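Working notes for the structure below.
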Amino acid sequence: MIKAVIFDFDGLILDTETHEFVSYQELFQEHGVELSLDVWGKGIGTISDFDPYAHLDECVGQTLNRANLKKLREENFDLRLAAETLRPGVEEYIKAAKSAGLRVGLASSSPAAWVLGHLRHYGILDLFECIRSSDDVTNVKPDPELYLQVLDEFGITPDEALVFEDSPNGALAAERAGIRCVVVPNMVTNNLTFGQVTHRIDSMADIPLADLIVLVG
């Protein structure tokens, strides 16, 4: 029996991931080179040591002005994200879960300040009973530590929870924690290869939460 739902943040609740990738893509294109999804995608949903500015230097064959590039890229990203709304259906899912008496948690590989700031901005911070971020763990996704901490806070077993994720790294973390996982890919992660997942939907607006819970058992 499902007693709790646990949401990822970046790319699932707010699609920061597409804007981040596109802002870097455009930076690379301005220098006549491409940033491929194969290279970028491995770091989605986790903390990666991939340095896009060093990669850009390698692609163009010279050392560019990193400070200037970073400023331009971040300005582009901030403008894009400022116009972004919550992904379709996500707020309805969170409220439906609370109305049904389910515990509602969040597990993100991003820092707490980033996650809490956005949740507060969109007026949904108080809807979450438990929030765990990179500040709370030694290892982020695909390690299961974030999800195991939420389970521990709720006092439930893995089979009593359902995770919502958008990335392969996040889905792998849920799998390693033994929790059923529904993936809801965004424009970027839709093209990535996922491992074992319980179910996949295009949008949370496509099926009510109650029906989805019945579907995944």
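Identifiers for the structure tokens are assigned positionally: chains receive A, B, ... in sequence, residues are indexed from 1 per chain, and ligands are indexed from 1 in the order shown.
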
Write out, as CSV, each residue of region 5-65 of chain A that has an atom at most 10 Å from region 119-133 of chain A, together with the closest pair of atoms and their distance in Å to one decimal, counting only C-alpha atoms, rows going by chain and rising number.
```
residue,atom,partner,partner_atom,distance
A:Ile6,CA,A:Cys130,CA,9.0
A:Phe7,CA,A:Ile131,CA,9.4
A:Asp8,CA,A:Arg132,CA,9.8
A:Phe9,CA,A:Leu119,CA,9.1
A:Ile13,CA,A:Leu119,CA,9.1
A:Leu14,CA,A:Leu119,CA,9.1
```

Quiz item: So how far away is CA of Gly89 (chain A) from CA of Ser203 (chain A), in Å?
Solution: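 Computing it gives 7.1 Å between the two atoms.
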
Practice problem: Would you please work out which residue, of A:His118, A:Leu37, A:Asn190, A:Lys42, is nearest to Glu84 (chain A) when using only C-alpha atoms? | Solution: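 Smallest separation from Glu84 (chain A) among the options: A:His118.
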
Exercise. Please identify all polymer residues within 10 Å of region 141-147 of chain A, counting only C-alpha atoms, omitting same-chain residues fewer than 2 positions from it, and present them as an MDAnalysis selection string.
Key: chainID A and resid 6:8 44:47 105:110 131:134 136:139 149:153 158 161 163 167:179

Prev. selection, C-alpha atoms, output as a tab-separated table (two decimals), in the first residue's frame:
```
chain	number	residue	atom	x	y	z
A	6	ILE	CA	8.55	11.40	-3.10
A	7	PHE	CA	9.40	13.91	-5.80
A	8	ASP	CA	12.68	14.88	-7.41
A	44	ILE	CA	21.85	15.11	-15.17
A	45	GLY	CA	20.33	14.32	-11.78
A	46	THR	CA	23.63	14.04	-9.96
A	47	ILE	CA	26.74	16.07	-9.08
A	105	GLY	CA	8.52	14.24	0.35
A	106	LEU	CA	11.20	15.63	-1.91
A	107	ALA	CA	14.71	14.30	-2.60
A	108	SER	CA	17.09	16.39	-4.69
A	109	SER	CA	20.78	16.21	-5.55
A	110	SER	CA	20.83	20.03	-5.63
A	131	ILE	CA	12.81	17.73	2.02
A	132	ARG	CA	16.28	16.25	1.60
A	133	SER	CA	19.00	17.84	-0.53
A	134	SER	CA	22.70	17.46	-1.24
A	136	ASP	CA	21.92	16.34	3.97
A	137	VAL	CA	23.85	13.42	2.49
A	138	THR	CA	27.34	12.17	1.80
A	139	ASN	CA	26.38	10.78	-1.62
A	149	GLN	CA	16.60	9.36	4.41
A	150	VAL	CA	13.06	10.30	3.38
A	151	LEU	CA	11.84	6.76	4.07
A	152	ASP	CA	13.47	6.92	7.49
A	153	GLU	CA	11.87	10.29	8.25
A	158	PRO	CA	10.44	1.05	0.40
A	161	ALA	CA	6.50	4.70	-1.27
A	163	VAL	CA	9.04	8.04	-6.42
A	167	SER	CA	16.47	11.38	-15.05
A	168	PRO	CA	18.27	8.03	-15.31
A	169	ASN	CA	20.46	8.89	-12.31
A	170	GLY	CA	17.40	9.66	-10.21
A	171	ALA	CA	15.55	6.56	-11.34
A	172	LEU	CA	18.61	4.45	-10.52
A	173	ALA	CA	18.69	5.94	-7.02
A	174	ALA	CA	15.07	4.95	-6.50
A	175	GLU	CA	15.75	1.44	-7.82
A	176	ARG	CA	18.72	1.04	-5.47
A	177	ALA	CA	16.50	2.17	-2.58
A	178	GLY	CA	13.97	-0.50	-3.56
A	179	ILE	CA	11.23	2.05	-4.28
```

Quiz prompt | Counting only C-alpha atoms, the option among A:Asn76, A:Asn186, A:Leu209, A:Gln29 closest to Leu162 (chain A) | solution = A:Leu209

Exercise. Could you give me the residues within region 14-202 of chain A that DSSP places in helix (DSSP H, G or I), as a ChimeraX atom specification?
Key: /A:16-30,37-43,52-60,66-82,90-99,112-121,125-127,134-136,145-154,158-160,168-177,189-191

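Comparing the minimum interatomic distances between Ala100 (chain A) and each of A:Val188, A:Ala4, A:Val216, A:Ala205, counting only C-alpha atoms, we find that A:Ala4 sits nearest.
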
Practice problem: Tell me which of A:Val90, A:Gly155, A:Phe77, A:His31 sits closest to Gln62 (chain A), counting only C-alpha atoms. | Solution: A:His31

Practice problem: Go through region 69-197 of chain A and collect every residue that DSSP, computed from the backbone, puts in strand (DSSP E or B); the answer should be as a PyMOL selection string. | Solution: chain A and resi 86+103-107+130-132+161-165+180-183

Dump N, CA and C atoms for the selected residues as a PDB file, in the first residue's frame?
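selection24.pdb written:
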```pdb
ATOM      1  N   LEU A  86       5.840  25.778 -13.332  1.00  0.00           N
ATOM      2  CA  LEU A  86       5.928  24.403 -12.866  1.00  0.00           C
ATOM      3  C   LEU A  86       5.485  23.459 -13.979  1.00  0.00           C
ATOM      4  N   ARG A 103       1.907  10.875   2.697  1.00  0.00           N
ATOM      5  CA  ARG A 103       3.041  11.711   3.063  1.00  0.00           C
ATOM      6  C   ARG A 103       3.677  12.218   1.772  1.00  0.00           C
ATOM      7  N   VAL A 104       4.168  13.446   1.789  1.00  0.00           N
ATOM      8  CA  VAL A 104       4.749  14.049   0.585  1.00  0.00           C
ATOM      9  C   VAL A 104       6.182  14.490   0.878  1.00  0.00           C
ATOM     10  N   GLY A 105       7.123  13.901   0.147  1.00  0.00           N
ATOM     11  CA  GLY A 105       8.515  14.238   0.355  1.00  0.00           C
ATOM     12  C   GLY A 105       9.201  14.681  -0.922  1.00  0.00           C
ATOM     13  N   LEU A 106      10.406  15.194  -0.765  1.00  0.00           N
ATOM     14  CA  LEU A 106      11.204  15.630  -1.908  1.00  0.00           C
ATOM     15  C   LEU A 106      12.657  15.226  -1.651  1.00  0.00           C
ATOM     16  N   ALA A 107      13.305  14.717  -2.691  1.00  0.00           N
ATOM     17  CA  ALA A 107      14.707  14.305  -2.595  1.00  0.00           C
ATOM     18  C   ALA A 107      15.445  14.830  -3.807  1.00  0.00           C
ATOM     19  N   CYS A 130       8.714  16.563   4.088  1.00  0.00           N
ATOM     20  CA  CYS A 130      10.123  16.239   4.278  1.00  0.00           C
ATOM     21  C   CYS A 130      10.895  16.593   3.013  1.00  0.00           C
ATOM     22  N   ILE A 131      11.972  17.350   3.159  1.00  0.00           N
ATOM     23  CA  ILE A 131      12.815  17.728   2.021  1.00  0.00           C
ATOM     24  C   ILE A 131      14.256  17.362   2.344  1.00  0.00           C
ATOM     25  N   ARG A 132      14.870  16.602   1.454  1.00  0.00           N
ATOM     26  CA  ARG A 132      16.278  16.249   1.598  1.00  0.00           C
ATOM     27  C   ARG A 132      17.027  16.706   0.353  1.00  0.00           C
ATOM     28  N   ALA A 161       6.280   3.390  -0.649  1.00  0.00           N
ATOM     29  CA  ALA A 161       6.504   4.702  -1.267  1.00  0.00           C
ATOM     30  C   ALA A 161       6.475   4.605  -2.782  1.00  0.00           C
ATOM     31  N   LEU A 162       6.288   5.753  -3.411  1.00  0.00           N
ATOM     32  CA  LEU A 162       6.342   5.863  -4.868  1.00  0.00           C
ATOM     33  C   LEU A 162       7.149   7.111  -5.197  1.00  0.00           C
ATOM     34  N   VAL A 163       8.157   6.943  -6.042  1.00  0.00           N
ATOM     35  CA  VAL A 163       9.043   8.041  -6.421  1.00  0.00           C
ATOM     36  C   VAL A 163       8.690   8.549  -7.810  1.00  0.00           C
ATOM     37  N   PHE A 164       8.824   9.864  -7.997  1.00  0.00           N
ATOM     38  CA  PHE A 164       8.682  10.476  -9.312  1.00  0.00           C
ATOM     39  C   PHE A 164      10.021  11.088  -9.695  1.00  0.00           C
ATOM     40  N   GLU A 165      10.522  10.702 -10.860  1.00  0.00           N
ATOM     41  CA  GLU A 165      11.832  11.137 -11.326  1.00  0.00           C
ATOM     42  C   GLU A 165      11.777  11.512 -12.808  1.00  0.00           C
ATOM     43  N   ARG A 180       9.437   1.823  -5.889  1.00  0.00           N
ATOM     44  CA  ARG A 180       8.842   1.930  -7.217  1.00  0.00           C
ATOM     45  C   ARG A 180       9.018   3.350  -7.752  1.00  0.00           C
ATOM     46  N   CYS A 181       9.261   3.440  -9.056  1.00  0.00           N
ATOM     47  CA  CYS A 181       9.579   4.742  -9.648  1.00  0.00           C
ATOM     48  C   CYS A 181       8.807   4.961 -10.937  1.00  0.00           C
ATOM     49  N   VAL A 182       8.143   6.103 -11.002  1.00  0.00           N
ATOM     50  CA  VAL A 182       7.489   6.555 -12.236  1.00  0.00           C
ATOM     51  C   VAL A 182       8.352   7.665 -12.814  1.00  0.00           C
ATOM     52  N   VAL A 183       8.788   7.514 -14.040  1.00  0.00           N
ATOM     53  CA  VAL A 183       9.603   8.558 -14.655  1.00  0.00           C
ATOM     54  C   VAL A 183       8.727   9.447 -15.531  1.00  0.00           C
TER      55      VAL A 183
END
```

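If you look at CA of Gln196 (chain A) and CA of Asp49 (chain A), they are 25.0 Å away from each other.
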
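Here CA of Pro208 (chain A) and CA of Arg87 (chain A) stand 14.6 Å from one another.
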
Exercise. Fewer than 4 positions away in the same chain doesn't count, so skip those; otherwise give me all residues within 9 Å of region 51-54 of chain A, counting only C-alpha atoms, as a list in words.
Key: Tyr24, Leu35, Trp40, Glu58, Cys59, Thr63, Leu64, Arg66, Leu69 and Lys70 of chain A

Quiz item: With only C-alpha atoms as the atoms that count, which of A:Val140, A:Val5, A:Leu81, A:Leu56 lies nearest to Phe154 (chain A)?
Solution: A:Val5

Practice problem: For Gly217 (chain A), please output as JSON, numbers by chain all residues within 9 Å (counting only C-alpha atoms; exclusion window: fewer than 4 positions along the same chain). | Solution: {"A": [1, 2, 212, 213]}

Convert the current residue selection to file output with C-alpha atoms, as a PDB file, in the first residue's frame.
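What follows is the written file out16.pdb:
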```pdb
ATOM      1  CA  MET A   1       0.000   0.000   0.000  1.00  0.00           C
ATOM      2  CA  ILE A   2       1.365   3.397  -0.985  1.00  0.00           C
ATOM      3  CA  LEU A 212      -1.614   6.114 -11.534  1.00  0.00           C
ATOM      4  CA  ILE A 213      -1.224   4.636  -8.056  1.00  0.00           C
TER       5      ILE A 213
END
```

Quiz prompt | Pick from A:Trp114, A:Met204, A:Glu20, A:Glu34 nearest to Glu92 (chain A), counting only C-alpha atoms | solution = A:Met204
